[in-house]
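K.L.:
One file: input13.pdb (PDB, N, CA and C atoms).
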```pdb
ATOM      1  N   MET R 486      -2.637  -6.540  22.628  1.00  0.00           N
ATOM      2  CA  MET R 486      -3.143  -6.160  21.316  1.00  0.00           C
ATOM      3  C   MET R 486      -3.975  -7.297  20.750  1.00  0.00           C
ATOM      4  N   ASN R 487      -5.093  -6.929  20.242  1.00  0.00           N
ATOM      5  CA  ASN R 487      -5.922  -7.961  19.644  1.00  0.00           C
ATOM      6  C   ASN R 487      -5.628  -8.057  18.141  1.00  0.00           C
ATOM      7  N   LEU R 488      -6.262  -9.006  17.509  1.00  0.00           N
ATOM      8  CA  LEU R 488      -5.995  -9.290  16.102  1.00  0.00           C
ATOM      9  C   LEU R 488      -6.378  -8.121  15.199  1.00  0.00           C
ATOM     10  N   LEU R 489      -7.459  -7.441  15.507  1.00  0.00           N
ATOM     11  CA  LEU R 489      -7.901  -6.308  14.700  1.00  0.00           C
ATOM     12  C   LEU R 489      -6.873  -5.174  14.715  1.00  0.00           C
ATOM     13  N   SER R 490      -6.288  -4.899  15.854  1.00  0.00           N
ATOM     14  CA  SER R 490      -5.267  -3.856  15.940  1.00  0.00           C
ATOM     15  C   SER R 490      -4.030  -4.216  15.141  1.00  0.00           C
ATOM     16  N   ILE R 491      -3.649  -5.472  15.169  1.00  0.00           N
ATOM     17  CA  ILE R 491      -2.480  -5.917  14.406  1.00  0.00           C
ATOM     18  C   ILE R 491      -2.737  -5.794  12.911  1.00  0.00           C
ATOM     19  N   ILE R 492      -3.924  -6.173  12.479  1.00  0.00           N
ATOM     20  CA  ILE R 492      -4.270  -6.064  11.051  1.00  0.00           C
ATOM     21  C   ILE R 492      -4.309  -4.604  10.633  1.00  0.00           C
ATOM     22  N   LEU R 493      -4.870  -3.749  11.477  1.00  0.00           N
ATOM     23  CA  LEU R 493      -4.924  -2.322  11.154  1.00  0.00           C
ATOM     24  C   LEU R 493      -3.537  -1.708  11.052  1.00  0.00           C
ATOM     25  N   LEU R 494      -2.594  -2.192  11.809  1.00  0.00           N
ATOM     26  CA  LEU R 494      -1.235  -1.665  11.734  1.00  0.00           C
ATOM     27  C   LEU R 494      -0.470  -2.218  10.528  1.00  0.00           C
ATOM     28  N   LEU R 495      -0.855  -3.385  10.033  1.00  0.00           N
ATOM     29  CA  LEU R 495      -0.163  -3.971   8.887  1.00  0.00           C
ATOM     30  C   LEU R 495      -0.643  -3.422   7.547  1.00  0.00           C
ATOM     31  N   VAL R 496      -1.838  -2.879   7.488  1.00  0.00           N
ATOM     32  CA  VAL R 496      -2.381  -2.377   6.216  1.00  0.00           C
ATOM     33  C   VAL R 496      -1.518  -1.266   5.625  1.00  0.00           C
ATOM     34  N   PRO R 497      -1.073  -0.249   6.391  1.00  0.00           N
ATOM     35  CA  PRO R 497      -0.216   0.778   5.782  1.00  0.00           C
ATOM     36  C   PRO R 497       1.130   0.220   5.311  1.00  0.00           C
ATOM     37  N   ILE R 498       1.621  -0.809   5.964  1.00  0.00           N
ATOM     38  CA  ILE R 498       2.887  -1.405   5.555  1.00  0.00           C
ATOM     39  C   ILE R 498       2.754  -2.045   4.178  1.00  0.00           C
ATOM     40  N   VAL R 499       1.614  -2.646   3.904  1.00  0.00           N
ATOM     41  CA  VAL R 499       1.364  -3.233   2.581  1.00  0.00           C
ATOM     42  C   VAL R 499       1.381  -2.147   1.515  1.00  0.00           C
ATOM     43  N   PHE R 500       0.729  -1.023   1.784  1.00  0.00           N
ATOM     44  CA  PHE R 500       0.722   0.070   0.808  1.00  0.00           C
ATOM     45  C   PHE R 500       2.099   0.702   0.658  1.00  0.00           C
ATOM     46  N   LEU R 501       2.888   0.707   1.723  1.00  0.00           N
ATOM     47  CA  LEU R 501       4.241   1.234   1.634  1.00  0.00           C
ATOM     48  C   LEU R 501       5.107   0.343   0.742  1.00  0.00           C
ATOM     49  N   PHE R 502       4.966  -0.975   0.869  1.00  0.00           N
ATOM     50  CA  PHE R 502       5.688  -1.890  -0.015  1.00  0.00           C
ATOM     51  C   PHE R 502       5.241  -1.721  -1.461  1.00  0.00           C
ATOM     52  N   ALA R 503       3.943  -1.542  -1.675  1.00  0.00           N
ATOM     53  CA  ALA R 503       3.440  -1.322  -3.035  1.00  0.00           C
ATOM     54  C   ALA R 503       3.990  -0.020  -3.602  1.00  0.00           C
ATOM     55  N   PHE R 504       4.152   0.977  -2.760  1.00  0.00           N
ATOM     56  CA  PHE R 504       4.730   2.250  -3.187  1.00  0.00           C
ATOM     57  C   PHE R 504       6.148   2.046  -3.705  1.00  0.00           C
ATOM     58  N   PHE R 505       6.958   1.313  -2.955  1.00  0.00           N
ATOM     59  CA  PHE R 505       8.340   1.081  -3.378  1.00  0.00           C
ATOM     60  C   PHE R 505       8.419   0.187  -4.611  1.00  0.00           C
ATOM     61  N   ILE R 506       7.548  -0.782  -4.704  1.00  0.00           N
ATOM     62  CA  ILE R 506       7.510  -1.636  -5.900  1.00  0.00           C
ATOM     63  C   ILE R 506       7.124  -0.808  -7.120  1.00  0.00           C
ATOM     64  N   GLY R 507       6.189   0.098  -6.971  1.00  0.00           N
ATOM     65  CA  GLY R 507       5.793   0.974  -8.070  1.00  0.00           C
ATOM     66  C   GLY R 507       6.916   1.874  -8.524  1.00  0.00           C
ATOM     67  N   ILE R 508       7.726   2.345  -7.582  1.00  0.00           N
ATOM     68  CA  ILE R 508       8.863   3.186  -7.948  1.00  0.00           C
ATOM     69  C   ILE R 508       9.912   2.367  -8.696  1.00  0.00           C
ATOM     70  N   VAL R 509      10.208   1.163  -8.202  1.00  0.00           N
ATOM     71  CA  VAL R 509      11.231   0.324  -8.826  1.00  0.00           C
ATOM     72  C   VAL R 509      10.811  -0.093 -10.230  1.00  0.00           C
ATOM     73  N   LYS R 510       9.554  -0.453 -10.395  1.00  0.00           N
ATOM     74  CA  LYS R 510       9.072  -0.893 -11.708  1.00  0.00           C
ATOM     75  C   LYS R 510       8.656   0.274 -12.602  1.00  0.00           C
ATOM     76  N   LYS R 511       8.793   1.499 -12.082  1.00  0.00           N
ATOM     77  CA  LYS R 511       8.443   2.721 -12.818  1.00  0.00           C
ATOM     78  C   LYS R 511       6.993   2.716 -13.281  1.00  0.00           C
ATOM     79  N   ASN R 512       6.122   2.229 -12.400  1.00  0.00           N
ATOM     80  CA  ASN R 512       4.690   2.217 -12.654  1.00  0.00           C
ATOM     81  C   ASN R 512       4.085   3.393 -11.893  1.00  0.00           C
ATOM     82  N   LYS R 513       3.854   4.480 -12.617  1.00  0.00           N
ATOM     83  CA  LYS R 513       3.418   5.713 -11.973  1.00  0.00           C
ATOM     84  C   LYS R 513       2.062   5.576 -11.302  1.00  0.00           C
ATOM     85  N   ARG R 514       1.144   4.884 -11.938  1.00  0.00           N
ATOM     86  CA  ARG R 514      -0.196   4.720 -11.367  1.00  0.00           C
ATOM     87  C   ARG R 514      -0.141   3.938 -10.052  1.00  0.00           C
ATOM     88  N   LEU R 515       0.703   2.904  -9.977  1.00  0.00           N
ATOM     89  CA  LEU R 515       0.810   2.087  -8.762  1.00  0.00           C
ATOM     90  C   LEU R 515       1.374   2.892  -7.608  1.00  0.00           C
ATOM     91  N   TRP R 516       2.462   3.634  -7.830  1.00  0.00           N
ATOM     92  CA  TRP R 516       3.056   4.312  -6.686  1.00  0.00           C
ATOM     93  C   TRP R 516       2.254   5.522  -6.239  1.00  0.00           C
ATOM     94  N   ILE R 517       1.576   6.203  -7.154  1.00  0.00           N
ATOM     95  CA  ILE R 517       0.742   7.334  -6.726  1.00  0.00           C
ATOM     96  C   ILE R 517      -0.475   6.837  -5.948  1.00  0.00           C
ATOM     97  N   THR R 518      -1.110   5.785  -6.448  1.00  0.00           N
ATOM     98  CA  THR R 518      -2.278   5.231  -5.760  1.00  0.00           C
ATOM     99  C   THR R 518      -1.916   4.695  -4.385  1.00  0.00           C
ATOM    100  N   SER R 519      -0.821   3.950  -4.303  1.00  0.00           N
ATOM    101  CA  SER R 519      -0.431   3.391  -3.011  1.00  0.00           C
ATOM    102  C   SER R 519       0.016   4.477  -2.045  1.00  0.00           C
ATOM    103  N   LEU R 520       0.625   5.537  -2.558  1.00  0.00           N
ATOM    104  CA  LEU R 520       1.010   6.642  -1.682  1.00  0.00           C
ATOM    105  C   LEU R 520      -0.217   7.349  -1.107  1.00  0.00           C
ATOM    106  N   VAL R 521      -1.220   7.576  -1.942  1.00  0.00           N
ATOM    107  CA  VAL R 521      -2.449   8.229  -1.473  1.00  0.00           C
ATOM    108  C   VAL R 521      -3.156   7.361  -0.434  1.00  0.00           C
ATOM    109  N   PHE R 522      -3.300   6.063  -0.732  1.00  0.00           N
ATOM    110  CA  PHE R 522      -3.952   5.176   0.234  1.00  0.00           C
ATOM    111  C   PHE R 522      -3.140   5.057   1.522  1.00  0.00           C
ATOM    112  N   PHE R 523      -1.811   5.030   1.407  1.00  0.00           N
ATOM    113  CA  PHE R 523      -0.958   4.959   2.591  1.00  0.00           C
ATOM    114  C   PHE R 523      -1.184   6.174   3.488  1.00  0.00           C
ATOM    115  N   LEU R 524      -1.223   7.355   2.893  1.00  0.00           N
ATOM    116  CA  LEU R 524      -1.410   8.567   3.689  1.00  0.00           C
ATOM    117  C   LEU R 524      -2.799   8.632   4.312  1.00  0.00           C
ATOM    118  N   ILE R 525      -3.818   8.283   3.549  1.00  0.00           N
ATOM    119  CA  ILE R 525      -5.193   8.334   4.070  1.00  0.00           C
ATOM    120  C   ILE R 525      -5.371   7.341   5.210  1.00  0.00           C
ATOM    121  N   ILE R 526      -4.908   6.117   5.018  1.00  0.00           N
ATOM    122  CA  ILE R 526      -5.081   5.094   6.057  1.00  0.00           C
ATOM    123  C   ILE R 526      -4.227   5.412   7.275  1.00  0.00           C
ATOM    124  N   SER R 527      -3.035   5.939   7.074  1.00  0.00           N
ATOM    125  CA  SER R 527      -2.189   6.297   8.214  1.00  0.00           C
ATOM    126  C   SER R 527      -2.832   7.402   9.046  1.00  0.00           C
ATOM    127  N   LEU R 528      -3.400   8.402   8.391  1.00  0.00           N
ATOM    128  CA  LEU R 528      -4.065   9.470   9.138  1.00  0.00           C
ATOM    129  C   LEU R 528      -5.312   8.965   9.856  1.00  0.00           C
ATOM    130  N   ALA R 529      -6.057   8.080   9.202  1.00  0.00           N
ATOM    131  CA  ALA R 529      -7.247   7.514   9.845  1.00  0.00           C
ATOM    132  C   ALA R 529      -6.865   6.672  11.060  1.00  0.00           C
ATOM    133  N   GLU R 530      -5.802   5.890  10.925  1.00  0.00           N
ATOM    134  CA  GLU R 530      -5.378   5.077  12.065  1.00  0.00           C
ATOM    135  C   GLU R 530      -4.797   5.928  13.179  1.00  0.00           C
ATOM    136  N   LEU R 531      -4.114   6.984  12.822  1.00  0.00           N
ATOM    137  CA  LEU R 531      -3.592   7.885  13.846  1.00  0.00           C
ATOM    138  C   LEU R 531      -4.741   8.476  14.656  1.00  0.00           C
ATOM    139  N   ALA R 532      -5.784   8.899  13.969  1.00  0.00           N
ATOM    140  CA  ALA R 532      -6.951   9.434  14.664  1.00  0.00           C
ATOM    141  C   ALA R 532      -7.645   8.352  15.494  1.00  0.00           C
ATOM    142  N   TYR R 533      -7.765   7.161  14.949  1.00  0.00           N
ATOM    143  CA  TYR R 533      -8.440   6.070  15.654  1.00  0.00           C
ATOM    144  C   TYR R 533      -7.690   5.696  16.936  1.00  0.00           C
ATOM    145  N   PHE R 534      -6.377   5.496  16.823  1.00  0.00           N
ATOM    146  CA  PHE R 534      -5.621   5.073  17.989  1.00  0.00           C
ATOM    147  C   PHE R 534      -5.415   6.217  18.986  1.00  0.00           C
ATOM    148  N   THR R 535      -5.449   7.448  18.531  1.00  0.00           N
ATOM    149  CA  THR R 535      -5.311   8.575  19.446  1.00  0.00           C
ATOM    150  C   THR R 535      -6.554   8.746  20.309  1.00  0.00           C
ATOM    151  N   PHE R 536      -7.720   8.614  19.694  1.00  0.00           N
ATOM    152  CA  PHE R 536      -8.947   8.874  20.428  1.00  0.00           C
ATOM    153  C   PHE R 536      -9.491   7.646  21.151  1.00  0.00           C
ATOM    154  N   THR R 537      -9.007   6.445  20.853  1.00  0.00           N
ATOM    155  CA  THR R 537      -9.511   5.278  21.559  1.00  0.00           C
ATOM    156  C   THR R 537      -8.612   4.858  22.718  1.00  0.00           C
ATOM    157  N   VAL R 538      -7.413   5.362  22.779  1.00  0.00           N
ATOM    158  CA  VAL R 538      -6.486   4.992  23.856  1.00  0.00           C
ATOM    159  C   VAL R 538      -6.506   5.975  24.944  1.00  0.00           C
TER     160      VAL R 538
END
```
What does this structure look like when you write it as structure tokens?

P.N.:
Amino acid sequence: MNLLSIILLLVPIVFLFAFFIGIVKKNKRLWITSLVFFLIISLAELAYFTFTV
């Protein structure tokens, strides 16, 4: 695995942590935004890694 693949796999984890932090702090805008970005990036990475491997 090269560095770019590792960074691409860590990006959804950052948004997942932001999602949980938003829930704990009851910040609705933070958890909705991070959930949307998490889903979009996860689907994009799923497509990227499926078609390049």

K.L.:
Measure the distance from atom C of Asn512 (chain R) to atom N of Leu495 (chain R) in Å and round it to one decimal.

P.N.:
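Separation between atom C of Asn512 (chain R) and atom N of Leu495 (chain R): 23.5 Å.
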
K.L.:
Just the residues within 12 Å of Phe522 (chain R), please, counting only C-alpha atoms, with nothing from its chain fewer than 3 positions along; format it as a list in words.

P.N.:
Val496, Pro497, Ile498, Val499, Phe500, Leu501, Phe502, Ala503, Phe504, Leu515, Trp516, Ile517, Thr518, Ser519, Ile525, Ile526, Ser527, Leu528, Ala529 and Glu530 of chain R

K.L.:
Go ahead and compute the interatomic distance for CA of Ile506 (chain R) and atom C of Leu524 (chain R), in Å to one decimal.

P.N.:
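One can read the CA of Ile506 (chain R) to atom C of Leu524 (chain R) distance as 17.8 Å.
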
K.L.:
What is the CA of Thr535 (chain R) to atom N of Phe523 (chain R) distance in Å?

P.N.:
18.7 Å

K.L.:
So which one's closest to Ser490 (chain R), R:Lys513, R:Tyr533, R:Ile508, R:Val521? Using only C-alpha atoms, please.

P.N.:
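Using only C-alpha atoms, Ser490 (chain R) sits closest to R:Tyr533.
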